[in-house]
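**Q** Data: run-v9.cif, mmCIF, C-alpha atoms.
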```
data_structure
#
loop_
_atom_site.label_atom_id
_atom_site.label_comp_id
_atom_site.auth_asym_id
_atom_site.auth_seq_id
_atom_site.Cartn_x
_atom_site.Cartn_y
_atom_site.Cartn_z
CA MET A 1379 57.62 100.24 85.36
CA LYS A 1380 60.86 99.14 83.75
CA GLU A 1381 63.36 97.00 85.64
CA TYR A 1382 67.01 97.86 85.08
CA SER A 1383 70.00 95.56 85.45
CA TYR A 1384 73.20 96.69 87.14
CA LEU A 1385 75.16 93.73 85.76
CA HIS A 1386 77.86 94.51 83.18
CA LEU A 1387 79.78 91.28 83.47
CA ASP A 1388 80.98 91.37 79.86
CA GLU A 1389 82.89 94.60 80.47
CA LYS A 1390 86.22 95.36 82.14
CA ALA A 1391 86.48 97.73 85.08
CA ASP A 1392 87.33 101.25 83.93
CA TYR A 1393 89.86 102.44 86.52
CA ASP A 1394 90.56 105.65 84.59
CA GLU A 1395 87.00 106.96 84.79
CA TYR A 1396 85.17 105.19 87.62
CA VAL A 1397 85.57 104.67 91.35
CA VAL A 1398 86.14 100.91 91.49
CA CYS A 1399 85.39 98.90 94.63
CA LYS A 1400 85.99 95.28 95.52
CA TYR A 1401 83.59 93.70 98.01
CA ARG A 1402 83.66 90.29 99.71
CA VAL A 1403 80.07 89.04 100.01
CA THR A 1404 78.56 86.28 102.11
CA THR A 1405 74.96 85.44 101.23
CA ASP A 1406 72.50 82.64 100.51
CA LEU A 1407 71.32 84.53 97.43
CA PRO A 1408 72.77 83.89 94.00
CA MET A 1409 75.78 86.19 93.75
CA GLU A 1410 74.28 88.05 90.80
CA LYS A 1411 71.26 89.06 92.89
CA ALA A 1412 73.45 90.04 95.84
CA ALA A 1413 75.67 92.14 93.59
CA GLU A 1414 72.68 93.89 92.06
CA ALA A 1415 71.30 94.62 95.53
CA ILE A 1416 74.56 96.36 96.49
CA ALA A 1417 74.81 98.33 93.24
CA ALA A 1418 71.19 99.42 93.47
CA GLU A 1419 71.34 100.43 97.13
CA GLN A 1420 74.50 102.48 96.66
CA SER A 1421 73.43 104.30 93.50
CA THR A 1422 70.05 104.67 91.78
CA GLY A 1423 67.86 101.86 93.12
CA THR A 1424 66.18 100.39 96.15
CA TRP A 1425 64.58 97.10 97.12
CA THR A 1426 61.91 97.30 94.37
CA GLY A 1427 61.33 98.90 90.99
CA ILE A 1428 60.38 102.58 91.19
CA SER A 1429 58.42 104.80 88.82
CA THR A 1430 60.77 107.78 89.27
CA LEU A 1431 63.83 106.10 87.75
CA ASP A 1432 64.26 106.62 84.03
CA GLY A 1433 66.78 105.30 81.56
CA ASP A 1434 68.81 108.50 81.40
CA VAL A 1435 69.40 108.68 85.16
CA PHE A 1436 70.13 104.98 85.35
CA GLY A 1437 72.54 105.07 82.42
CA ARG A 1438 74.51 108.02 83.79
CA LEU A 1439 74.46 107.34 87.53
CA GLY A 1440 73.77 103.66 88.08
CA ALA A 1441 76.58 101.59 89.64
CA ARG A 1442 77.92 98.81 87.44
CA VAL A 1443 78.82 95.29 88.56
CA VAL A 1444 81.69 94.36 86.27
CA SER A 1445 82.87 91.09 87.77
CA ILE A 1446 81.85 88.29 90.11
CA GLY A 1447 84.39 85.71 91.17
CA GLY A 1448 83.78 83.39 94.09
CA ASP A 1449 82.71 85.61 96.98
CA MET A 1450 84.25 88.75 95.45
CA ILE A 1451 82.37 91.29 93.38
CA THR A 1452 83.72 94.39 91.65
CA VAL A 1453 81.48 97.42 91.38
CA GLU A 1454 82.29 100.69 89.64
CA TYR A 1455 80.61 103.99 90.41
CA PRO A 1456 80.40 106.86 87.89
CA PRO A 1457 82.27 109.99 89.01
CA GLU A 1458 79.00 111.94 88.75
CA ASP A 1459 77.74 109.98 91.77
CA PHE A 1460 80.16 111.97 93.91
CA SER A 1461 79.85 115.51 95.21
CA ILE A 1462 80.96 118.45 93.09
CA GLU A 1463 82.70 119.63 96.27
CA THR A 1464 86.21 118.26 95.81
CA GLY A 1465 87.89 116.23 98.49
CA SER A 1466 84.76 115.15 100.38
CA VAL A 1467 85.48 111.87 102.18
CA PRO A 1468 82.13 111.79 104.04
CA GLN A 1469 80.19 111.71 100.78
CA ILE A 1470 82.62 109.24 99.19
CA LEU A 1471 82.18 106.82 102.09
CA SER A 1472 78.39 107.19 101.95
CA VAL A 1473 78.52 105.86 98.40
CA ILE A 1474 81.16 103.13 98.60
CA ALA A 1475 80.59 102.04 102.22
CA GLY A 1476 77.09 103.09 103.17
CA ASN A 1477 73.80 101.24 103.60
CA LEU A 1478 75.08 98.07 101.95
CA PHE A 1479 76.34 96.79 105.32
CA GLY A 1480 72.79 96.69 106.64
CA LEU A 1481 71.16 94.84 103.73
CA GLY A 1482 69.16 92.00 105.26
CA SER A 1483 69.74 89.70 102.30
CA LEU A 1484 73.49 89.68 102.93
CA LYS A 1485 75.05 87.77 105.82
CA GLY A 1486 78.22 89.80 105.41
CA VAL A 1487 79.83 92.30 103.08
CA ARG A 1488 83.34 93.75 103.37
CA LEU A 1489 84.91 96.56 101.37
CA GLU A 1490 88.32 95.12 100.55
CA ASP A 1491 89.76 97.81 98.29
CA VAL A 1492 88.95 100.95 96.34
CA SER A 1493 90.59 102.71 93.43
CA PHE A 1494 89.92 106.36 92.56
CA PRO A 1495 90.27 108.01 89.14
CA ASP A 1496 92.14 111.27 88.66
CA SER A 1497 88.86 113.20 88.74
CA ILE A 1498 88.53 112.26 92.43
CA LEU A 1499 92.23 112.20 93.38
CA SER A 1500 92.73 115.74 92.09
CA GLY A 1501 90.43 117.02 94.82
CA PHE A 1502 92.90 115.99 97.53
CA LYS A 1503 96.37 117.34 98.27
CA GLY A 1504 97.95 114.38 100.06
CA PRO A 1505 100.71 114.64 102.68
CA LYS A 1506 102.46 117.94 103.26
CA PHE A 1507 105.67 116.26 104.46
CA GLY A 1508 105.34 112.54 103.83
CA ALA A 1509 107.93 109.90 104.60
CA GLU A 1510 110.75 111.83 102.93
CA GLY A 1511 109.94 115.03 104.81
CA ILE A 1512 109.99 113.23 108.15
CA ARG A 1513 113.29 111.56 107.30
CA LYS A 1514 114.78 114.89 106.26
CA ALA A 1515 113.76 116.55 109.53
CA LEU A 1516 115.30 113.68 111.49
CA LYS A 1517 118.44 113.54 109.29
CA ARG A 1518 117.94 109.81 108.85
CA PRO A 1519 117.84 109.07 105.12
CA GLU A 1520 118.06 105.26 104.98
CA LYS A 1521 117.64 103.32 108.20
CA PRO A 1522 114.17 102.50 109.54
CA LEU A 1523 112.90 105.09 111.97
CA VAL A 1524 112.67 103.65 115.46
CA GLY A 1525 110.18 104.97 117.97
CA THR A 1526 108.28 104.48 121.19
CA ILE A 1527 104.92 105.23 122.75
CA VAL A 1528 105.02 106.77 126.21
CA LYS A 1529 103.87 104.13 128.70
CA PRO A 1530 101.76 103.79 130.71
CA LYS A 1531 99.17 105.13 128.26
CA ILE A 1532 97.85 107.49 130.89
CA GLY A 1533 99.02 108.53 134.32
CA LEU A 1534 102.39 110.21 133.87
CA SER A 1535 102.77 113.90 134.67
CA PRO A 1536 104.14 116.32 132.05
CA GLU A 1537 107.53 116.15 133.73
CA LYS A 1538 107.57 112.34 133.80
CA THR A 1539 106.45 112.25 130.16
CA ALA A 1540 109.29 114.55 129.17
CA GLU A 1541 111.74 112.45 131.17
CA TYR A 1542 110.54 109.33 129.31
CA VAL A 1543 111.00 111.07 125.95
CA TYR A 1544 114.49 112.27 126.86
CA GLU A 1545 115.58 108.82 128.03
CA ALA A 1546 114.19 107.25 124.85
CA GLY A 1547 116.04 109.76 122.69
CA ALA A 1548 119.24 109.36 124.67
CA GLY A 1549 118.95 105.64 123.93
CA GLY A 1550 118.89 106.34 120.20
CA LEU A 1551 115.22 106.51 119.23
CA THR A 1552 114.16 108.89 116.47
CA ASN A 1553 110.46 109.11 117.36
CA SER A 1554 108.08 109.02 120.26
CA LYS A 1555 104.41 109.81 120.68
CA ASP A 1556 101.51 110.21 123.04
CA ASP A 1557 99.21 107.21 123.19
CA GLU A 1558 95.78 107.38 121.63
CA THR A 1559 93.87 107.93 124.88
CA LEU A 1560 96.00 110.86 126.09
CA VAL A 1561 95.03 114.36 124.96
CA ASP A 1562 94.39 116.94 127.70
CA GLN A 1563 93.63 115.26 131.02
CA ALA A 1564 94.01 116.90 134.43
CA PHE A 1565 96.96 114.69 135.40
CA CYS A 1566 98.85 115.69 132.24
CA PRO A 1567 97.62 118.99 130.73
CA ILE A 1568 98.51 119.26 127.06
CA GLU A 1569 100.14 122.68 127.33
CA ASP A 1570 102.42 121.64 130.19
CA ARG A 1571 103.21 118.32 128.51
CA THR A 1572 104.02 119.90 125.13
CA ILE A 1573 106.32 122.50 126.67
CA ALA A 1574 108.11 119.93 128.82
CA VAL A 1575 108.57 117.50 125.92
CA SER A 1576 109.77 120.32 123.65
CA GLU A 1577 112.45 121.21 126.20
CA ALA A 1578 113.53 117.55 126.30
CA LEU A 1579 113.78 117.47 122.49
CA ASP A 1580 115.79 120.69 122.48
CA ARG A 1581 118.16 119.17 125.02
CA LEU A 1582 118.60 116.08 122.84
CA GLU A 1583 119.28 118.22 119.78
CA GLU A 1584 121.91 120.18 121.68
CA GLU A 1585 123.53 116.83 122.44
CA GLY A 1586 123.54 115.96 118.73
CA HIS A 1587 120.42 113.76 118.45
CA MET A 1588 117.33 114.58 116.37
CA MET A 1589 113.99 113.31 117.62
CA MET A 1590 110.27 113.96 117.05
CA HIS A 1591 107.43 113.50 119.50
CA ALA A 1592 103.81 113.48 118.27
CA ILE A 1593 101.43 115.37 120.56
CA ASN A 1594 97.89 114.00 120.37
CA VAL A 1595 95.47 116.76 119.34
CA SER A 1596 92.45 114.49 118.84
CA THR A 1597 89.41 116.53 119.83
CA ARG A 1598 86.09 117.80 118.45
CA GLY A 1599 86.10 118.87 114.83
CA ASP A 1600 85.54 122.58 115.40
CA LYS A 1601 88.47 122.77 117.85
CA ILE A 1602 91.18 120.56 116.35
CA THR A 1603 92.95 123.12 114.16
CA GLU A 1604 92.99 125.63 116.99
CA LEU A 1605 94.48 123.04 119.34
CA ALA A 1606 97.08 122.04 116.75
CA GLU A 1607 98.12 125.67 116.33
CA LYS A 1608 98.51 126.01 120.08
CA VAL A 1609 100.71 122.93 120.49
CA GLN A 1610 102.89 124.23 117.65
CA GLU A 1611 103.30 127.49 119.57
CA TRP A 1612 104.25 125.46 122.64
CA GLY A 1613 106.99 123.68 120.69
CA ALA A 1614 105.46 120.54 119.16
CA ARG A 1615 107.46 119.08 116.27
CA GLU A 1616 104.74 116.63 115.23
CA ILE A 1617 101.05 116.21 115.97
CA MET A 1618 98.91 113.08 116.16
CA VAL A 1619 95.30 112.48 115.18
CA ASP A 1620 93.08 109.47 115.90
CA VAL A 1621 91.60 109.31 112.40
CA ILE A 1622 88.66 106.99 113.02
CA THR A 1623 87.36 108.76 116.11
CA CYS A 1624 88.05 112.27 114.77
CA GLY A 1625 87.22 111.58 111.13
CA PHE A 1626 89.13 111.85 107.88
CA GLY A 1627 88.06 115.49 107.65
CA ALA A 1628 90.09 116.27 110.76
CA VAL A 1629 93.29 115.00 109.11
CA GLN A 1630 92.42 116.83 105.92
CA ALA A 1631 91.69 120.12 107.72
CA LEU A 1632 95.05 120.01 109.47
CA ALA A 1633 97.01 118.96 106.39
CA GLU A 1634 95.50 121.66 104.19
CA ASP A 1635 95.73 124.48 106.73
CA PRO A 1636 98.83 126.58 105.93
CA SER A 1637 99.26 127.42 109.62
CA ILE A 1638 100.06 123.77 110.42
CA LYS A 1639 103.77 123.39 109.74
CA VAL A 1640 104.57 120.03 111.37
CA PRO A 1641 103.95 116.42 110.22
CA ILE A 1642 100.72 114.61 111.09
CA HIS A 1643 101.06 111.18 112.68
CA VAL A 1644 97.82 109.25 112.14
CA HIS A 1645 96.69 106.66 114.69
CA ARG A 1646 94.05 104.14 113.63
CA THR A 1647 92.51 103.37 117.04
CA MET A 1648 89.03 101.80 116.80
CA HIS A 1649 89.69 100.50 113.29
CA GLY A 1650 89.33 96.91 114.52
CA ALA A 1651 85.61 97.50 115.04
CA PHE A 1652 85.20 97.12 111.29
CA THR A 1653 88.51 95.71 109.98
CA LYS A 1654 88.90 92.63 112.19
CA ASP A 1655 86.03 90.55 110.76
CA PRO A 1656 87.29 89.08 107.45
CA PHE A 1657 83.75 88.82 106.10
CA HIS A 1658 82.09 92.07 107.17
CA GLY A 1659 83.05 95.73 107.46
CA ILE A 1660 85.93 97.60 105.85
CA ALA A 1661 89.49 96.38 105.37
CA MET A 1662 92.42 98.56 106.41
CA LEU A 1663 93.47 99.10 102.80
CA PRO A 1664 90.70 101.58 101.87
CA ILE A 1665 91.41 103.46 105.11
CA THR A 1666 95.10 103.68 104.20
CA ARG A 1667 94.27 105.05 100.77
CA LEU A 1668 91.96 107.69 102.24
CA VAL A 1669 94.49 108.75 104.89
CA ARG A 1670 97.09 109.36 102.20
CA MET A 1671 94.60 111.33 100.13
CA CYS A 1672 93.65 113.46 103.14
CA GLY A 1673 97.24 114.29 104.04
CA GLY A 1674 98.46 112.01 106.80
CA ASP A 1675 102.27 111.97 106.90
CA ALA A 1676 102.64 108.76 108.94
CA LEU A 1677 100.08 106.00 109.54
CA HIS A 1678 99.86 102.94 111.76
CA ILE A 1679 99.52 99.80 109.63
CA GLY A 1680 100.14 97.15 112.30
CA THR A 1681 103.05 94.74 112.36
CA LEU A 1682 102.02 92.68 109.34
CA GLY A 1683 101.49 89.65 111.53
CA ALA A 1684 104.48 90.02 113.83
CA GLY A 1685 102.99 91.76 116.90
CA LYS A 1686 100.06 91.58 119.32
CA MET A 1687 97.32 92.91 117.03
CA SER A 1688 95.39 90.72 114.62
CA SER A 1689 96.47 90.88 111.01
CA GLY A 1690 94.50 90.13 107.87
CA ALA A 1691 95.82 88.23 104.89
CA GLY A 1692 95.78 91.36 102.75
CA ASP A 1693 97.37 93.74 105.22
CA GLY A 1694 100.63 93.79 103.29
CA GLY A 1695 98.85 95.88 100.67
CA ASN A 1696 98.92 98.79 103.08
CA LEU A 1697 102.64 99.19 102.45
CA GLY A 1698 102.02 99.81 98.78
CA ALA A 1699 99.16 102.16 99.58
CA CYS A 1700 101.52 104.18 101.81
CA LEU A 1701 104.57 104.18 99.58
CA GLY A 1702 103.44 103.38 96.04
CA GLY A 1703 103.67 105.76 93.11
CA ASP A 1704 100.20 105.07 91.72
CA VAL A 1705 98.73 108.27 93.18
CA PRO A 1706 99.88 111.89 92.74
CA TYR A 1707 100.92 112.43 96.35
CA LYS A 1708 103.94 112.22 98.60
CA SER A 1709 104.40 108.87 100.30
CA VAL A 1710 103.20 108.13 103.83
CA MET A 1711 105.58 106.74 106.46
CA PRO A 1712 104.18 103.29 107.40
CA VAL A 1713 104.30 102.80 111.17
CA CYS A 1714 104.57 99.25 112.50
CA SER A 1715 103.34 99.25 116.08
CA GLY A 1716 101.44 96.98 118.46
CA GLY A 1717 103.29 94.52 120.66
CA VAL A 1718 106.69 95.31 119.15
CA TYR A 1719 109.91 94.28 120.90
CA PRO A 1720 113.52 93.94 119.68
CA GLY A 1721 113.21 90.24 118.86
CA ILE A 1722 110.64 90.83 116.10
CA VAL A 1723 112.34 93.78 114.39
CA ALA A 1724 114.00 91.58 111.77
CA ASP A 1725 110.67 89.89 111.06
CA ILE A 1726 109.06 93.30 110.52
CA THR A 1727 111.79 94.55 108.17
CA SER A 1728 111.66 91.30 106.21
CA ARG A 1729 107.99 92.04 105.54
CA ALA A 1730 108.03 95.83 105.36
CA GLY A 1731 111.50 96.74 104.10
CA MET A 1732 113.57 99.61 105.46
CA ASN A 1733 111.30 102.55 104.66
CA VAL A 1734 109.26 102.09 107.81
CA GLN A 1735 108.91 103.39 111.35
CA ILE A 1736 109.17 100.60 113.94
CA GLN A 1737 107.59 101.58 117.21
CA ALA A 1738 107.59 99.89 120.62
CA GLY A 1739 105.87 100.92 123.84
CA GLY A 1740 106.09 98.03 126.27
CA GLY A 1741 109.08 96.78 124.29
CA VAL A 1742 110.96 99.88 125.47
CA ALA A 1743 109.44 100.62 128.88
CA GLY A 1744 109.46 96.93 129.85
CA HIS A 1745 113.20 96.44 129.41
CA PRO A 1746 114.91 95.22 132.61
CA GLY A 1747 117.26 98.20 132.48
CA GLY A 1748 114.57 100.84 132.05
CA VAL A 1749 113.55 103.17 129.22
CA ARG A 1750 117.03 104.18 128.05
CA CYS A 1751 118.21 100.59 127.89
CA GLY A 1752 114.96 99.60 126.16
CA ALA A 1753 115.54 102.33 123.57
CA MET A 1754 119.13 101.16 123.08
CA ALA A 1755 117.94 97.58 122.58
CA MET A 1756 115.40 98.66 119.94
CA SER A 1757 117.99 100.83 118.20
CA GLN A 1758 120.47 97.95 118.21
CA ALA A 1759 117.86 95.59 116.78
CA VAL A 1760 117.13 98.05 113.97
CA ASP A 1761 120.84 98.49 113.27
CA ALA A 1762 121.26 94.72 113.13
CA ALA A 1763 118.36 94.33 110.71
CA PHE A 1764 119.67 97.17 108.53
CA GLU A 1765 123.10 95.56 108.39
CA GLY A 1766 121.66 92.09 107.77
CA ILE A 1767 123.05 90.63 110.99
CA PRO A 1768 120.89 88.20 113.02
CA ALA A 1769 119.74 89.75 116.30
CA GLU A 1770 121.27 86.90 118.34
CA LYS A 1771 124.65 87.51 116.71
CA TYR A 1772 124.46 91.28 117.21
CA ALA A 1773 123.49 90.76 120.84
CA GLU A 1774 126.83 89.10 121.54
CA THR A 1775 128.41 92.56 121.60
CA HIS A 1776 125.38 94.63 122.63
CA LYS A 1777 124.33 94.09 126.23
CA GLU A 1778 120.96 95.88 126.05
CA LEU A 1779 119.80 93.84 123.07
CA ALA A 1780 120.96 90.65 124.75
CA GLU A 1781 118.86 91.45 127.83
CA ALA A 1782 115.80 92.16 125.67
CA LEU A 1783 116.18 88.90 123.76
CA GLU A 1784 116.58 87.02 127.01
CA LYS A 1785 113.32 88.50 128.32
CA TRP A 1786 111.13 88.35 125.21
CA GLY A 1787 112.90 86.02 122.80
CA VAL A 1788 113.23 86.20 119.01
CA LYS A 1789 110.48 85.56 116.53
#
```
Now, as a test, write the supplied structure out as structure tokens.
**A**
Amino acid sequence: MKEYSYLHLDEKADYDEYVVCKYRVTTDLPMEKAAEAIAAEQSTGTWTGISTLDGDVFGRLGARVVSIGGDMITVEYPPEDFSIETGSVPQILSVIAGNLFGLGSLKGVRLEDVSFPDSILSGFKGPKFGAEGIRKALKRPEKPLVGTIVKPKIGLSPEKTAEYVYEAGAGGLTNSKDDETLVDQAFCPIEDRTIAVSEALDRLEEEGHMMMHAINVSTRGDKITELAEKVQEWGAREIMVDVITCGFGAVQALAEDPSIKVPIHVHRTMHGAFTKDPFHGIAMLPITRLVRMCGGDALHIGTLGAGKMSSGAGDGGNLGACLGGDVPYKSVMPVCSGGVYPGIVADITSRAGMNVQIQAGGGVAGHPGGVRCGAMAMSQAVDAAFEGIPAEKYAETHKELAEALEKWGVK
């Protein structure tokens, strides 16, 4: 039987026609053999030559290794390898991030990035609101959005949750959200919580302040749209989905359902299980691209090295994947969250720019003066960064910021 080669190292990657993936590979094999093993496993081959593979199938559907440089290989997949059903992330991931992770000949392999041609992108609708839609609803066209996460993660009653949200809004915050582990527990039923929070937001609006709170609707796939519709009826102005635990299809179902008329805040909880290892798994960048394709309006991208969560060297690329004009969709609001406090706001904006949502949980609730003072300190830090004034200087005339800097310092 004929042996076929997946190596096309004398050719350039065709980004207009193929799905192009970049993988970081760790192996004792020669890189050419490792690259061929990946291309074969993810397209037309297996561990040995097979009698059922002919030249026509291989030529049309075989993956193509178009470059090898150091520990990085670039593989392109023909669009015919993907389902005729448009917008199918499960099948896309099976091709570009499937069995290759289990290949015994590879010590490690990490999907670093992926680029999709128009033939794939056209099957997705992207965000319904996007960053601009969220800004418009909040009447905040230029400054960074500034938000909080209700703390503790779990334990507060609906009334206490609503009180937290009101205090945060009264302190100047534009956004708040449930944490990723809170959905519909007995101590805080989602209907009671949504109604109570909605009343707090209405009160803030009557006082002249616009604010959104994202209610977490993460649940089983056959129930998520129904739950999202209910929380809308109860007054939710934004919903939240844990994309890794619920799946990209959950975000896509909500974004494409005409009955869902509020933005979708996407949390990335559990992503570290496969993004943290720099030599194995999937980087955050492909996840960001897929979230935008599926219709997430806002997405957690970490603090780009400033907060408590680990950050990879390439994490800055997530900003471009959220905001860039290289895809035919509305932009996604990048959310910087995870160990945020007023003293690192300027560091975040220096890395992320001003089109960003900066979000603090403990950095609000842990303020010596309580939630309202914590919200004021975060708002003051954002104002200082927007105006180009050092936080220490701004704190000279802003008591709440001064107290926060005294407690947590400045990065």
**Q** With all atoms listed in the file counted and 8 Å as the cut-off, give the residues of segment 1468-1562 of chain A in contact with segment 1613-1635 of chain A, each with its shortest interatomic distance in Å and the pair that gives it, as CSV.
**A**
```
residue,atom,partner,partner_atom,distance
A:Pro1468,CA,A:Gly1627,CA,7.9
A:Lys1503,CA,A:Glu1634,CA,7.4
A:Gly1504,CA,A:Ala1633,CA,7.9
A:Pro1505,CA,A:Ala1633,CA,6.8
A:Lys1506,CA,A:Ala1633,CA,6.4
A:Lys1555,CA,A:Met1618,CA,7.8
A:Asp1556,CA,A:Met1618,CA,7.9
A:Glu1558,CA,A:Asp1620,CA,6.7
```
**Q** I want to know what sits within 8 Å of segment 1769-1772 of chain A, based on only C-alpha atoms, with residues of the same chain fewer than 6 positions away left out; could you give that as an MDAnalysis selection string?
**A** chainID A and resid 1721 1724 1758:1759 1762:1763 1779:1780 1783 1788
**Q** I need the residue set behind the PyMOL selection byres ((chain A and resi 1549-1552) around 9) for this file; please write it as a ChimeraX atom specification.
**A** /A:1516,1518,1523-1526,1544-1548,1553-1554,1587-1591,1749-1758
**Q** Evaluate the PyMOL selection byres ((chain A and resi 1388-1404) around 9) and record the selected residues as a ChimeraX atom specification, following the chain and residue labels used in the document.
**A** /A:1385-1387,1405-1407,1409,1412-1413,1442-1445,1448-1457,1474,1484-1498,1656-1658
**Q** Just the residues within 9 Å of Pro1522 of chain A, please, counting all atoms listed in the file, with nothing from its chain fewer than 3 positions along; format it as a ChimeraX atom specification.
**A** /A:1518-1519,1727,1731-1736,1760-1761,1764
**Q** Written as an MDAnalysis selection string, which residues does the PyMOL selection byres ((chain A and resi 1507) around 12) give for the file shown?
**A** chainID A and resid 1503:1506 1508:1515 1616 1633:1634 1638:1643 1670 1673:1676 1707:1711
**Q** How many Å lie between atom CA of Ala1730 of chain A and atom CA of Lys1777 of chain A, rounded to one decimal?
**A**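 So the two atoms, atom CA of Ala1730 of chain A and atom CA of Lys1777 of chain A, lie 26.5 Å apart.
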**Q** Can you tell me how far atom CA of Gly1433 of chain A sits from atom CA of Ile1462 of chain A, in Å to one decimal?
**A** 22.5 Å
